[in-house]
Structure formats: C-alpha cells, structure tokens
file my_file.cif (mmCIF, C-alpha atoms and all ligand atoms)
data_data
loop_
_atom_site.label_atom_id
_atom_site.label_comp_id
_atom_site.auth_asym_id
_atom_site.auth_seq_id
_atom_site.Cartn_x
_atom_site.Cartn_y
_atom_site.Cartn_z
CA MET A 118 -31.22 -2.18 7.87
CA LEU A 119 -28.76 -3.28 10.55
CA PRO A 120 -30.07 -4.99 13.69
CA PHE A 121 -28.31 -2.32 15.80
CA LYS A 122 -27.27 1.32 15.64
CA LEU A 123 -23.93 2.81 14.65
CA VAL A 124 -22.99 5.92 16.58
CA TYR A 125 -21.08 8.32 14.36
CA SER A 126 -20.38 11.98 13.62
CA ASP A 127 -18.13 13.61 11.03
CA ASP A 128 -16.85 15.57 14.02
CA TYR A 129 -15.17 12.42 15.39
CA TYR A 130 -12.30 13.59 13.17
CA LEU A 131 -9.31 14.46 15.33
CA PRO A 132 -7.67 17.71 14.15
CA ILE A 133 -4.08 16.56 14.62
CA GLY A 134 -2.61 17.22 11.18
CA PRO A 135 -0.32 14.69 9.48
CA HIS A 136 0.12 11.93 12.06
CA VAL A 137 0.57 8.17 12.31
CA PHE A 138 -2.97 8.13 13.79
CA PRO A 139 -5.21 8.24 10.69
CA ALA A 140 -7.81 10.66 12.02
CA GLU A 141 -9.75 10.45 8.78
CA LYS A 142 -10.44 6.73 9.35
CA TYR A 143 -13.77 7.36 11.04
CA LYS A 144 -15.27 9.09 8.01
CA ARG A 145 -13.73 6.53 5.68
CA ILE A 146 -15.33 3.67 7.65
CA HIS A 147 -18.66 5.49 7.63
CA ASP A 148 -18.44 6.07 3.88
CA ARG A 149 -17.31 2.51 3.13
CA LEU A 150 -20.21 1.07 5.14
CA LEU A 151 -22.64 3.14 3.08
CA VAL A 152 -21.05 2.63 -0.34
CA SER A 153 -20.85 -1.14 0.17
CA ARG A 154 -24.47 -1.13 1.38
CA ILE A 155 -23.60 -2.83 4.63
CA ALA A 156 -25.34 0.06 6.35
CA GLU A 157 -27.82 2.70 5.27
CA PRO A 158 -28.11 6.27 6.53
CA ALA A 159 -30.90 5.32 8.97
CA ASP A 160 -28.53 2.92 10.74
CA PHE A 161 -26.45 5.82 12.04
CA VAL A 162 -27.25 7.91 15.09
CA THR A 163 -25.44 11.09 16.10
CA PRO A 164 -23.76 11.45 19.48
CA HIS A 165 -23.97 14.43 21.78
CA PRO A 166 -20.77 15.58 23.48
CA ALA A 167 -20.24 14.28 26.99
CA THR A 168 -20.88 16.88 29.66
CA ASP A 169 -18.13 18.02 31.99
CA GLN A 170 -20.07 16.23 34.74
CA ASP A 171 -19.74 13.00 32.76
CA VAL A 172 -16.01 13.49 32.29
CA LEU A 173 -15.63 14.25 36.02
CA LEU A 174 -16.89 10.73 36.76
CA VAL A 175 -13.44 9.52 35.68
CA HIS A 176 -11.04 12.45 35.44
CA THR A 177 -9.73 14.88 38.05
CA PRO A 178 -11.10 18.44 38.13
CA GLN A 179 -7.53 19.73 37.83
CA TYR A 180 -6.91 17.82 34.60
CA ILE A 181 -10.23 18.88 33.08
CA GLU A 182 -9.48 22.49 33.98
CA LYS A 183 -6.12 22.27 32.19
CA LEU A 184 -7.80 20.86 29.09
CA LYS A 185 -10.55 23.48 29.13
CA THR A 186 -8.13 26.37 29.58
CA GLY A 187 -5.33 25.05 27.37
CA THR A 188 -2.85 25.02 30.24
CA LEU A 189 -1.22 21.60 29.93
CA SER A 190 2.48 21.75 30.69
CA PRO A 191 4.93 21.07 27.82
CA ARG A 192 5.60 17.66 29.38
CA GLU A 193 1.88 16.85 29.53
CA GLN A 194 1.47 17.92 25.90
CA MET A 195 4.38 15.71 24.92
CA GLU A 196 2.93 12.68 26.73
CA LEU A 197 -0.34 13.12 24.84
CA GLU A 198 1.57 12.60 21.56
CA VAL A 199 -1.03 14.56 19.60
CA PRO A 200 -0.91 18.35 19.22
CA PHE A 201 -3.18 20.03 21.77
CA SER A 202 -5.90 22.40 20.58
CA PRO A 203 -9.33 23.46 21.86
CA ALA A 204 -10.81 21.77 18.76
CA LEU A 205 -9.17 18.50 19.83
CA VAL A 206 -10.72 18.82 23.30
CA LYS A 207 -14.11 19.16 21.61
CA ALA A 208 -13.50 16.05 19.49
CA PHE A 209 -12.60 13.98 22.55
CA TRP A 210 -15.68 15.16 24.47
CA LEU A 211 -17.75 14.09 21.45
CA ALA A 212 -16.03 10.68 21.36
CA ALA A 213 -16.93 10.21 25.04
CA GLY A 214 -20.53 11.19 24.27
CA GLY A 215 -20.49 8.65 21.43
CA SER A 216 -19.41 5.90 23.78
CA ILE A 217 -22.15 6.86 26.23
CA ARG A 218 -24.67 6.65 23.41
CA ALA A 219 -23.27 3.28 22.26
CA ALA A 220 -23.52 1.95 25.83
CA ASP A 221 -27.13 3.10 26.02
CA HIS A 222 -27.90 1.34 22.74
CA ALA A 223 -26.12 -1.79 23.95
CA LEU A 224 -28.29 -1.90 27.07
CA SER A 225 -31.53 -1.39 25.16
CA ASN A 226 -30.69 -3.42 22.06
CA GLY A 227 -27.97 -5.97 22.94
CA ILE A 228 -25.22 -4.20 21.03
CA GLY A 229 -24.19 -0.63 20.24
CA ILE A 230 -21.19 0.34 18.14
CA SER A 231 -19.45 3.68 18.06
CA ILE A 232 -17.42 4.29 14.90
CA GLY A 233 -14.90 6.02 17.13
CA GLY A 234 -13.59 6.00 20.69
CA GLY A 235 -11.54 3.41 22.54
CA PHE A 236 -9.08 5.90 24.01
CA HIS A 237 -7.77 3.44 26.56
CA HIS A 238 -4.47 5.15 27.40
CA ALA A 239 -6.05 8.12 29.21
CA PHE A 240 -5.58 8.24 33.00
CA PRO A 241 -7.68 10.18 35.53
CA ASP A 242 -5.10 12.96 35.77
CA HIS A 243 -3.36 12.90 32.40
CA GLY A 244 -3.59 11.78 28.80
CA GLU A 245 -1.03 9.82 26.81
CA GLY A 246 -0.60 7.70 23.69
CA PHE A 247 -3.03 9.77 21.53
CA CYS A 248 -5.72 9.54 24.25
CA MET A 249 -6.92 12.70 26.01
CA ILE A 250 -9.86 11.34 28.02
CA HIS A 251 -11.07 7.77 28.54
CA ASP A 252 -14.38 7.58 26.69
CA VAL A 253 -15.07 3.95 27.61
CA ALA A 254 -14.52 4.52 31.33
CA ILE A 255 -16.71 7.62 31.18
CA ALA A 256 -19.49 5.61 29.51
CA ILE A 257 -19.26 2.87 32.15
CA ARG A 258 -19.34 5.34 35.05
CA ARG A 259 -22.25 7.19 33.45
CA MET A 260 -24.27 3.96 33.08
CA GLN A 261 -23.51 3.17 36.72
CA ARG A 262 -24.41 6.66 37.90
CA ASP A 263 -27.72 6.46 36.04
CA GLY A 264 -28.44 3.16 37.80
CA LYS A 265 -28.53 1.23 34.52
CA ILE A 266 -25.73 -1.20 35.45
CA ARG A 267 -23.60 -2.08 38.44
CA TYR A 268 -20.91 -4.29 36.88
CA ALA A 269 -19.05 -3.96 33.60
CA MET A 270 -16.22 -5.76 31.86
CA ALA A 271 -13.69 -4.22 29.49
CA VAL A 272 -12.30 -6.59 26.86
CA ASP A 273 -9.38 -4.81 25.26
CA CYS A 274 -7.99 -6.37 22.08
CA ASP A 275 -5.91 -3.40 20.95
CA VAL A 276 -2.27 -4.43 20.46
CA HIS A 277 -1.28 -1.98 23.22
CA GLN A 278 -2.13 -2.71 26.84
CA GLY A 279 -5.12 -0.82 28.27
CA ASN A 280 -3.06 0.99 30.89
CA GLY A 281 -5.58 3.77 31.46
CA THR A 282 -8.41 1.28 31.89
CA ALA A 283 -6.35 -0.73 34.37
CA ALA A 284 -5.38 2.37 36.33
CA ILE A 285 -8.94 3.73 36.47
CA PHE A 286 -10.62 0.51 37.53
CA GLY A 287 -7.81 -1.14 39.43
CA GLY A 288 -8.50 -2.23 42.98
CA THR A 289 -6.54 -4.12 45.57
CA ARG A 290 -5.67 -7.42 44.02
CA THR A 291 -3.87 -10.61 44.75
CA THR A 292 -2.67 -13.14 42.23
CA SER A 293 -5.25 -15.85 41.73
CA GLU A 294 -6.06 -19.03 39.89
CA PRO A 295 -4.70 -20.02 36.48
CA LEU A 296 -6.77 -19.88 33.34
CA PRO A 297 -9.23 -22.76 32.93
CA SER A 298 -9.15 -25.44 30.30
CA VAL A 299 -12.78 -25.06 29.17
CA PRO A 300 -13.08 -22.25 26.66
CA ALA A 301 -15.91 -19.73 26.81
CA SER A 302 -16.91 -20.52 23.27
CA ALA A 303 -17.60 -24.15 24.14
CA LEU A 304 -21.09 -22.69 24.42
CA THR A 305 -21.19 -22.07 20.72
CA PRO A 306 -20.18 -24.00 17.62
CA SER A 307 -17.57 -22.98 15.05
CA SER A 308 -15.16 -21.57 17.58
CA PRO A 309 -11.45 -22.21 17.83
CA GLU A 310 -10.89 -25.48 19.60
CA LYS A 311 -7.13 -25.42 19.73
CA SER A 312 -5.20 -24.61 22.84
CA PRO A 313 -2.67 -21.83 22.34
CA THR A 314 0.75 -23.13 21.47
CA SER A 315 2.58 -19.85 22.05
CA LEU A 316 4.10 -18.89 25.36
CA ALA A 317 2.17 -15.85 26.54
CA LYS A 318 2.72 -14.53 30.04
CA ILE A 319 -0.59 -14.50 31.83
CA GLN A 320 -1.26 -12.43 34.88
CA THR A 321 -4.59 -12.87 36.59
CA HIS A 322 -5.71 -11.15 39.75
CA SER A 323 -8.61 -11.84 42.02
CA HIS A 324 -10.99 -9.04 41.45
CA THR A 325 -12.44 -6.60 43.95
CA GLY A 326 -13.86 -3.70 41.91
CA ASP A 327 -17.07 -3.20 39.94
CA VAL A 328 -15.32 -3.25 36.55
CA PHE A 329 -13.36 -6.31 35.44
CA THR A 330 -10.61 -5.55 32.93
CA ILE A 331 -9.15 -7.95 30.37
CA SER A 332 -6.29 -6.86 28.13
CA LEU A 333 -4.72 -8.97 25.36
CA HIS A 334 -1.68 -7.17 24.06
CA GLN A 335 1.86 -7.44 22.78
CA GLU A 336 4.15 -7.50 25.79
CA ASN A 337 7.08 -5.93 24.00
CA ASN A 338 5.33 -2.68 23.09
CA TYR A 339 4.00 0.59 24.54
CA PRO A 340 3.17 1.16 27.37
CA ALA A 341 6.43 0.27 29.07
CA TRP A 342 4.72 0.36 32.48
CA LYS A 343 1.63 -1.81 32.43
CA PRO A 344 -0.56 -1.35 35.50
CA PRO A 345 -2.34 -4.62 36.32
CA SER A 346 -5.62 -5.42 34.59
CA SER A 347 -7.84 -8.09 36.15
CA ILE A 348 -6.41 -10.36 33.43
CA ASP A 349 -3.40 -9.40 31.33
CA ILE A 350 -2.37 -11.66 28.47
CA ASN A 351 1.15 -10.54 27.55
CA LEU A 352 1.56 -11.92 24.05
CA PRO A 353 4.92 -12.62 22.45
CA ASP A 354 5.92 -10.87 19.23
CA GLU A 355 4.58 -12.14 15.92
CA ILE A 356 1.78 -14.29 17.37
CA GLY A 357 -0.68 -15.38 14.64
CA ASP A 358 -4.42 -15.88 14.31
CA ASP A 359 -4.87 -19.33 15.87
CA ASP A 360 -2.84 -18.71 19.01
CA TYR A 361 -4.34 -15.27 19.48
CA LEU A 362 -7.89 -16.60 19.20
CA ALA A 363 -7.14 -19.39 21.64
CA TRP A 364 -5.74 -16.94 24.19
CA LEU A 365 -8.74 -14.66 23.75
CA ASP A 366 -11.07 -17.60 24.23
CA ASN A 367 -9.26 -18.58 27.43
CA ALA A 368 -9.24 -15.03 28.76
CA LEU A 369 -12.97 -14.56 28.13
CA SER A 370 -13.72 -17.89 29.75
CA SER A 371 -11.65 -17.10 32.81
CA GLY A 372 -13.06 -13.60 33.15
CA LEU A 373 -16.66 -14.67 32.80
CA ARG A 374 -16.15 -17.47 35.29
CA GLN A 375 -14.98 -14.94 37.88
CA PHE A 376 -17.29 -12.07 37.05
CA ASP A 377 -20.83 -11.51 35.84
CA PRO A 378 -20.95 -8.19 33.93
CA GLU A 379 -24.10 -6.37 32.88
CA LEU A 380 -22.22 -4.63 30.06
CA LEU A 381 -19.22 -5.79 28.05
CA CYS A 382 -17.11 -3.00 26.57
CA TYR A 383 -15.20 -4.36 23.61
CA ILE A 384 -12.20 -2.26 22.58
CA ALA A 385 -11.68 -3.51 19.03
CA GLY A 386 -8.26 -2.13 18.09
CA ALA A 387 -7.22 -2.84 14.50
CA ASP A 388 -3.51 -2.76 15.37
CA PRO A 389 -2.83 -6.48 16.13
CA TYR A 390 -2.79 -6.64 12.29
CA ARG A 391 0.45 -7.94 10.81
CA GLU A 392 0.91 -4.86 8.62
CA ASP A 393 0.51 -2.41 11.49
CA GLN A 394 3.20 0.24 11.92
CA LEU A 395 2.88 0.39 15.71
CA GLY A 396 2.19 -3.28 16.38
CA GLY A 397 4.29 -6.42 16.37
CA LEU A 398 1.69 -9.18 16.18
CA SER A 399 0.87 -11.11 13.02
CA LEU A 400 -2.90 -11.34 12.78
CA THR A 401 -4.53 -11.37 9.36
CA ILE A 402 -7.59 -9.33 8.38
CA ASP A 403 -9.57 -12.58 8.45
CA GLY A 404 -8.19 -13.48 11.89
CA LEU A 405 -9.23 -10.08 13.24
CA LYS A 406 -12.77 -10.65 12.00
CA LYS A 407 -12.82 -14.04 13.74
CA ARG A 408 -11.67 -12.26 16.89
CA ASP A 409 -14.65 -9.91 16.65
CA GLU A 410 -17.00 -12.83 16.02
CA LEU A 411 -15.65 -14.66 19.06
CA VAL A 412 -16.27 -11.72 21.39
CA PHE A 413 -19.75 -11.17 19.95
CA ARG A 414 -20.70 -14.86 20.09
CA VAL A 415 -19.61 -15.20 23.70
CA ALA A 416 -21.45 -12.02 24.73
CA LYS A 417 -24.60 -13.02 22.88
CA ALA A 418 -24.58 -16.59 24.20
CA ARG A 419 -24.41 -15.25 27.76
CA GLY A 420 -26.90 -12.45 27.17
CA ILE A 421 -24.38 -9.71 27.98
CA PRO A 422 -24.98 -6.39 26.18
CA VAL A 423 -21.88 -5.32 24.27
CA MET A 424 -20.73 -1.83 23.37
CA VAL A 425 -17.95 -1.48 20.82
CA THR A 426 -15.31 1.20 20.31
CA LEU A 427 -12.57 1.16 17.68
CA ALA A 428 -9.30 2.27 19.38
CA GLY A 429 -6.05 2.06 17.38
CA GLY A 430 -5.14 1.04 13.85
CA TYR A 431 -2.01 2.13 11.98
CA ALA A 432 -1.75 -0.18 8.98
CA ARG A 433 0.74 0.88 6.33
CA ASN A 434 -2.22 1.10 4.00
CA VAL A 435 -4.99 3.00 5.78
CA GLU A 436 -7.57 1.13 3.69
CA ASP A 437 -6.62 -2.04 5.59
CA THR A 438 -7.40 -0.30 8.87
CA VAL A 439 -10.74 0.78 7.41
CA THR A 440 -11.45 -2.80 6.28
CA ILE A 441 -10.66 -4.24 9.72
CA HIS A 442 -12.99 -1.77 11.46
CA ARG A 443 -15.69 -2.27 8.82
CA ASN A 444 -15.42 -6.01 9.37
CA THR A 445 -16.23 -5.48 13.04
CA VAL A 446 -19.61 -4.13 11.92
CA ILE A 447 -20.05 -7.08 9.54
CA ALA A 448 -19.15 -9.56 12.30
CA ALA A 449 -21.69 -7.93 14.62
CA THR A 450 -24.33 -8.12 11.89
CA GLU A 451 -23.66 -11.82 11.31
CA VAL A 452 -23.78 -12.70 14.99
CA PHE A 453 -26.67 -10.48 16.07
CA THR A 454 -28.94 -11.07 13.06
CA LYS A 455 -29.32 -14.76 13.85
ZN ZN B 1 -3.12 0.52 20.01
#
call {"tool": "encode", "arguments": {"input": "my_file.cif", "output": "structure tokens"}}
result
Amino acid sequence: MLPFKLVYSDDYYLPIGPHVFPAEKYKRIHDRLLVSRIAEPADFVTPHPATDQDVLLVHTPQYIEKLKTGTLSPREQMELEVPFSPALVKAFWLAAGGSIRAADHALSNGIGISIGGGFHHAFPDHGEGFCMIHDVAIAIRRMQRDGKIRYAMAVDCDVHQGNGTAAIFGGTRTTSEPLPSVPASALTPSSPEKSPTSLAKIQTHSHTGDVFTISLHQENNYPAWKPPSSIDINLPDEIGDDDYLAWLDNALSSGLRQFDPELLCYIAGADPYREDQLGGLSLTIDGLKKRDELVFRVAKARGIPVMVTLAGGYARNVEDTVTIHRNTVIAATEVFTK
C-alpha cells in the first residue's frame, strides 16, 4: 500500500487520434504501476470532473462558452494543436477535477499525485500547446476559494516554459536579487552539492501575487513568447543531469527564501529527457528520478504539501515516457515512506 493516493481515471485518455502527445500514456502508467506491484488497486482514487464554477475561477466565461458550444474559431483550434471535440472538453474537465482531488489529498496527507494533468500552456482566454484548460491553476484557485490555502507555489520542470501559469498568476514585478549560494537541499543529505557549470539565463522577479511560479525550461523551445514567471531558469540546449539538478536546487532555494507556500504544485514533465522528440535537453531517466526526489525532499523537509501532475512527455519510445512518470511515483514513495 502506498503512503499516498494516486488520482486516476481511464477517462483521462485524450481522444485526439494519432498525435505526438501519447494520450494512452495515462492508462499505461496506471497498468505498469499495478503489474510491477508498485501500487495496488486500493491506492487509486477516481476524480470527479471539475464544475464550470471551478473552471471559471481561472478562465473567462467567453472562452468556456466557446468550449461548451464548440465555437472556437479556426485560429483558436489551430493554436490548441489538438483536434477539438466535445469528448476532449470532457477529458480536460476531468483532468482539472483530478488535480483538485490531488490538491485535496496533498493538503490532508502531505502529497497527492494525479496520473494526468499539468496542462500549463492554457491561458484564461485561450488554449494552446495541447492544453485546453489549466488544471493546476484551477486546483490552486479552488483550494483558495475553499479557504484551505492562501499561498501556493508552482514548480514547473516540464521542458517547455509554463507560459499559461505565468500569465494566470503574474502580477506587477520588478527584477530582484540574484539566486543564493546556499541550496535548498542543504537541509537534507544526499543532494547534489555541485554548483551548475552551464550558463543558464536566470530571470527573477520580486513577487507580489499569492502564487509564486518557478519554471525550469529549455530557452530555445516553445513557447516563443515566455511571459515572466516569478523565477525563470532559461536553460541552454543539451544540459545534462548534474547541471539541471543544481539549477533546480538553486531555484527552489531562492523561491522558498522569498515565499512561504502552503501548497507546492509540482509539474513533473517527462520531456527534459534526452530522447524526447519535442525537447532539447539531455537528462537521463535516472537524472529525472533524482529531480523528482529533490523536489519531494525539499517539500517534505519544509513541511509543504505537494501535489503532482504529469504534463508533457514525447520520448521516441513511449515506454520511456511511461517509465519516467512511473519513477515519479517511486520517488514519492521513497521520500514519503521514511
Ligand atoms: Zn512540455
């Protein structure tokens, strides 16, 4: 029995036909977790779809109306980059409900993982980059509306910048202090101790809103326009495990020095992987698991509940994507069992 719940439904499947986004990955992860006996059926809980009221906490009524009535313009459909259908709308509402459920489990149990979600490219008034609505933002706003939290932090480790997250939670900002020299994981043993040797471009902003956003991503990749996160780490192409982990450590340390979240939303994209078709970083499967462990260790050491969503993953071999996401569950088990 896992020390936390996995939120999952077969209906997470996105009905988008043959596509670079492997919509079947959710079921494959679920099945792999069971077959390998990492999880048992009782570890899974089923999400309910988000309500329209939930979605309205983030998205404009006009955009929701277009989705509900199938009246996106051709340009809006093109930006979404997945074929629109009413069934797809249903799947995204369920993903948002799954993230709400995972956030609830995080707050009551320390960690909650949805085997889905992480649609960080959705904006209040439009969707793009395979993301129709922003499930993580909806979950944060719902927790706030219910009075369960005031402050949240998004830690986005997908290879693509969290432009929707930045746009939704962005406030008025001014450039602020540089990253510190003391890593967050100095709190815990067996963490990377090296300073990054690569030349990433770091943009930090003094923070004014109630959600602090950190994005570690490949600079030379989608989205071309990157609205400012609270901390953006613009990584150079081909960066490997050690440098990536050192940058992540620095970003977490800096963020948690500036901001004291009551919920950490970890967007655990599998696409920084070196075999990814839509990514240009060079992380190994082992390095990605260390990344997960680092986020979980830091959150646990500071007593911050963490909710996890999966986001992207486009490995040439879909089984690698499944392995990377499965390893996130294993990493959580190792950190949160102790
Ligand atoms: Zn991505």
call {"tool": "axis_aligned_box", "arguments": {"input": "my_file.cif", "around": "region 253-270 of chain A", "padding_each_side": "4 Å", "output": "AutoDock Vina command-line options"}}
result
--center_x -21.5 --center_y 0.9 --center_z 33.0 --size_x 22.0 --size_y 21.4 --size_z 18.8
call {"tool": "residues_near_ligand", "arguments": {"input": "my_file.cif", "ligand": "ligand ZN 1 (chain B)", "cutoff": "10 Å", "atoms": "all atoms listed in the file", "output": "JSON, numbers by chain"}}
result
{"A": [138, 235, 236, 237, 238, 246, 247, 273, 274, 275, 276, 277, 278, 279, 334, 335, 338, 339, 340, 384, 385, 386, 387, 388, 389, 393, 395, 396, 427, 428, 429, 430, 431]}
call {"tool": "atom_distance", "arguments": {"input": "my_file.cif", "atom1": "CA of Asp360 (chain A)", "atom2": "CA of Gly404 (chain A)"}}
result
10.3 Å
call {"tool": "closest_atom_pairs", "arguments": {"input": "my_file.cif", "of": "region 188-302 of chain A", "to": "region 368-383 of chain A", "cutoff": "12 Å", "atoms": "only C-alpha atoms", "output": "tab-separated table"}}
result
residue	atom	partner	partner_atom	distance
A:Ser216	CA	A:Cys382	CA	9.6
A:Ile217	CA	A:Cys382	CA	11.1
A:Ala219	CA	A:Cys382	CA	9.8
A:Ala220	CA	A:Leu380	CA	7.9
A:Asp221	CA	A:Leu380	CA	10.0
A:His222	CA	A:Leu380	CA	11.0
A:Ala223	CA	A:Leu380	CA	7.8
A:Leu224	CA	A:Leu380	CA	7.3
A:Ser225	CA	A:Leu380	CA	11.0
A:Asn226	CA	A:Leu380	CA	11.7
A:Gly227	CA	A:Leu380	CA	9.2
A:Ile228	CA	A:Leu381	CA	9.4
A:Gly229	CA	A:Cys382	CA	9.8
A:Ile230	CA	A:Tyr383	CA	9.4
A:Ser231	CA	A:Tyr383	CA	10.7
A:Gly234	CA	A:Tyr383	CA	10.9
A:Gly235	CA	A:Tyr383	CA	8.7
A:Phe236	CA	A:Tyr383	CA	12.0
A:His237	CA	A:Tyr383	CA	11.2
A:Asp252	CA	A:Cys382	CA	10.9
A:Val253	CA	A:Cys382	CA	7.3
A:Ala254	CA	A:Cys382	CA	9.3
A:Ile255	CA	A:Cys382	CA	11.6
A:Ala256	CA	A:Cys382	CA	9.4
A:Ile257	CA	A:Leu380	CA	8.3
A:Arg258	CA	A:Leu380	CA	11.5
A:Met260	CA	A:Leu380	CA	9.3
A:Gln261	CA	A:Glu379	CA	10.3
A:Gly264	CA	A:Glu379	CA	11.6
A:Lys265	CA	A:Glu379	CA	8.9
A:Ile266	CA	A:Glu379	CA	6.0
A:Arg267	CA	A:Glu379	CA	7.0
A:Tyr268	CA	A:Pro378	CA	4.9
A:Ala269	CA	A:Pro378	CA	4.6
A:Met270	CA	A:Leu381	CA	4.8
A:Ala271	CA	A:Cys382	CA	4.7
A:Val272	CA	A:Tyr383	CA	4.9
A:Asp273	CA	A:Tyr383	CA	6.1
A:Cys274	CA	A:Tyr383	CA	7.6
A:Asp275	CA	A:Tyr383	CA	9.7
A:Gly279	CA	A:Tyr383	CA	11.7
A:Thr282	CA	A:Cys382	CA	11.1
A:Ser293	CA	A:Gln375	CA	10.5
A:Glu294	CA	A:Ser371	CA	9.2
A:Pro295	CA	A:Ser371	CA	8.4
A:Leu296	CA	A:Ser371	CA	5.6
A:Pro297	CA	A:Ser371	CA	6.2
A:Ser298	CA	A:Ser370	CA	8.8
A:Val299	CA	A:Ser370	CA	7.3
A:Pro300	CA	A:Ser370	CA	5.4
A:Ala301	CA	A:Ser370	CA	4.1
A:Ser302	CA	A:Ser370	CA	7.7
call {"tool": "atom_distance", "arguments": {"input": "my_file.cif", "atom1": "CA of Met195 (chain A)", "atom2": "CA of Pro139 (chain A)"}}
result
18.7 Å
call {"tool": "residues_around", "arguments": {"input": "my_file.cif", "residues": "Ala204 (chain A)", "least_positions_apart": "3", "cutoff": "12 Å", "atoms": "all atoms listed in the file", "output": "ChimeraX atom specification"}}
result
/A:128-133,184-185,187,200-201,207-211
call {"tool": "atom_distance", "arguments": {"input": "my_file.cif", "atom1": "CA of Thr450 (chain A)", "atom2": "CA of His165 (chain A)"}}
result
24.6 Å
call {"tool": "closest_residue", "arguments": {"input": "my_file.cif", "among": "A:Pro422, A:Pro313, A:Gly244, A:Gly214", "to": "Asp366 (chain A)", "atoms": "all atoms listed in the file"}}
result
A:Pro313
call {"tool": "residues_around", "arguments": {"input": "my_file.cif", "residues": "Ser346 (chain A)", "least_positions_apart": "5", "cutoff": "10 Å", "atoms": "all atoms listed in the file", "output": "ChimeraX atom specification"}}
result
/A:271,278-288,290,320-322,324,329-333
call {"tool": "write_last_selection", "arguments": {"input": "my_file.cif", "atoms": "C-alpha atoms", "output": "compact mmCIF listing (two decimals), in the frame of the given file"}}
result
# COMPACT_ATOMS: atom_id res chain seq x y z
CA ALA A 271 -13.69 -4.22 29.49
CA GLN A 278 -2.13 -2.71 26.84
CA GLY A 279 -5.12 -0.82 28.27
CA ASN A 280 -3.06 0.99 30.89
CA GLY A 281 -5.58 3.77 31.46
CA THR A 282 -8.41 1.28 31.89
CA ALA A 283 -6.35 -0.73 34.37
CA ALA A 284 -5.38 2.37 36.33
CA ILE A 285 -8.94 3.73 36.47
CA PHE A 286 -10.62 0.51 37.53
CA GLY A 287 -7.81 -1.14 39.43
CA GLY A 288 -8.50 -2.23 42.98
CA ARG A 290 -5.67 -7.42 44.02
CA GLN A 320 -1.26 -12.43 34.88
CA THR A 321 -4.59 -12.87 36.59
CA HIS A 322 -5.71 -11.15 39.75
CA HIS A 324 -10.99 -9.04 41.45
CA PHE A 329 -13.36 -6.31 35.44
CA THR A 330 -10.61 -5.55 32.93
CA ILE A 331 -9.15 -7.95 30.37
CA SER A 332 -6.29 -6.86 28.13
CA LEU A 333 -4.72 -8.97 25.36
call {"tool": "closest_residue", "arguments": {"input": "my_file.cif", "among": "A:Arg154, A:Lys183, A:Arg218, A:Arg259", "to": "Arg443 (chain A)", "atoms": "all atoms listed in the file"}}
result
A:Arg154
call {"tool": "closest_residue", "arguments": {"input": "my_file.cif", "among": "A:Ile250, A:Gln179, A:Arg192, A:Glu392", "to": "Glu436 (chain A)", "atoms": "only C-alpha atoms"}}
result
A:Glu392
call {"tool": "closest_residue", "arguments": {"input": "my_file.cif", "among": "A:Val439, A:Ala317, A:Leu405, A:Val152", "to": "Asp358 (chain A)", "atoms": "only C-alpha atoms"}}
result
A:Leu405
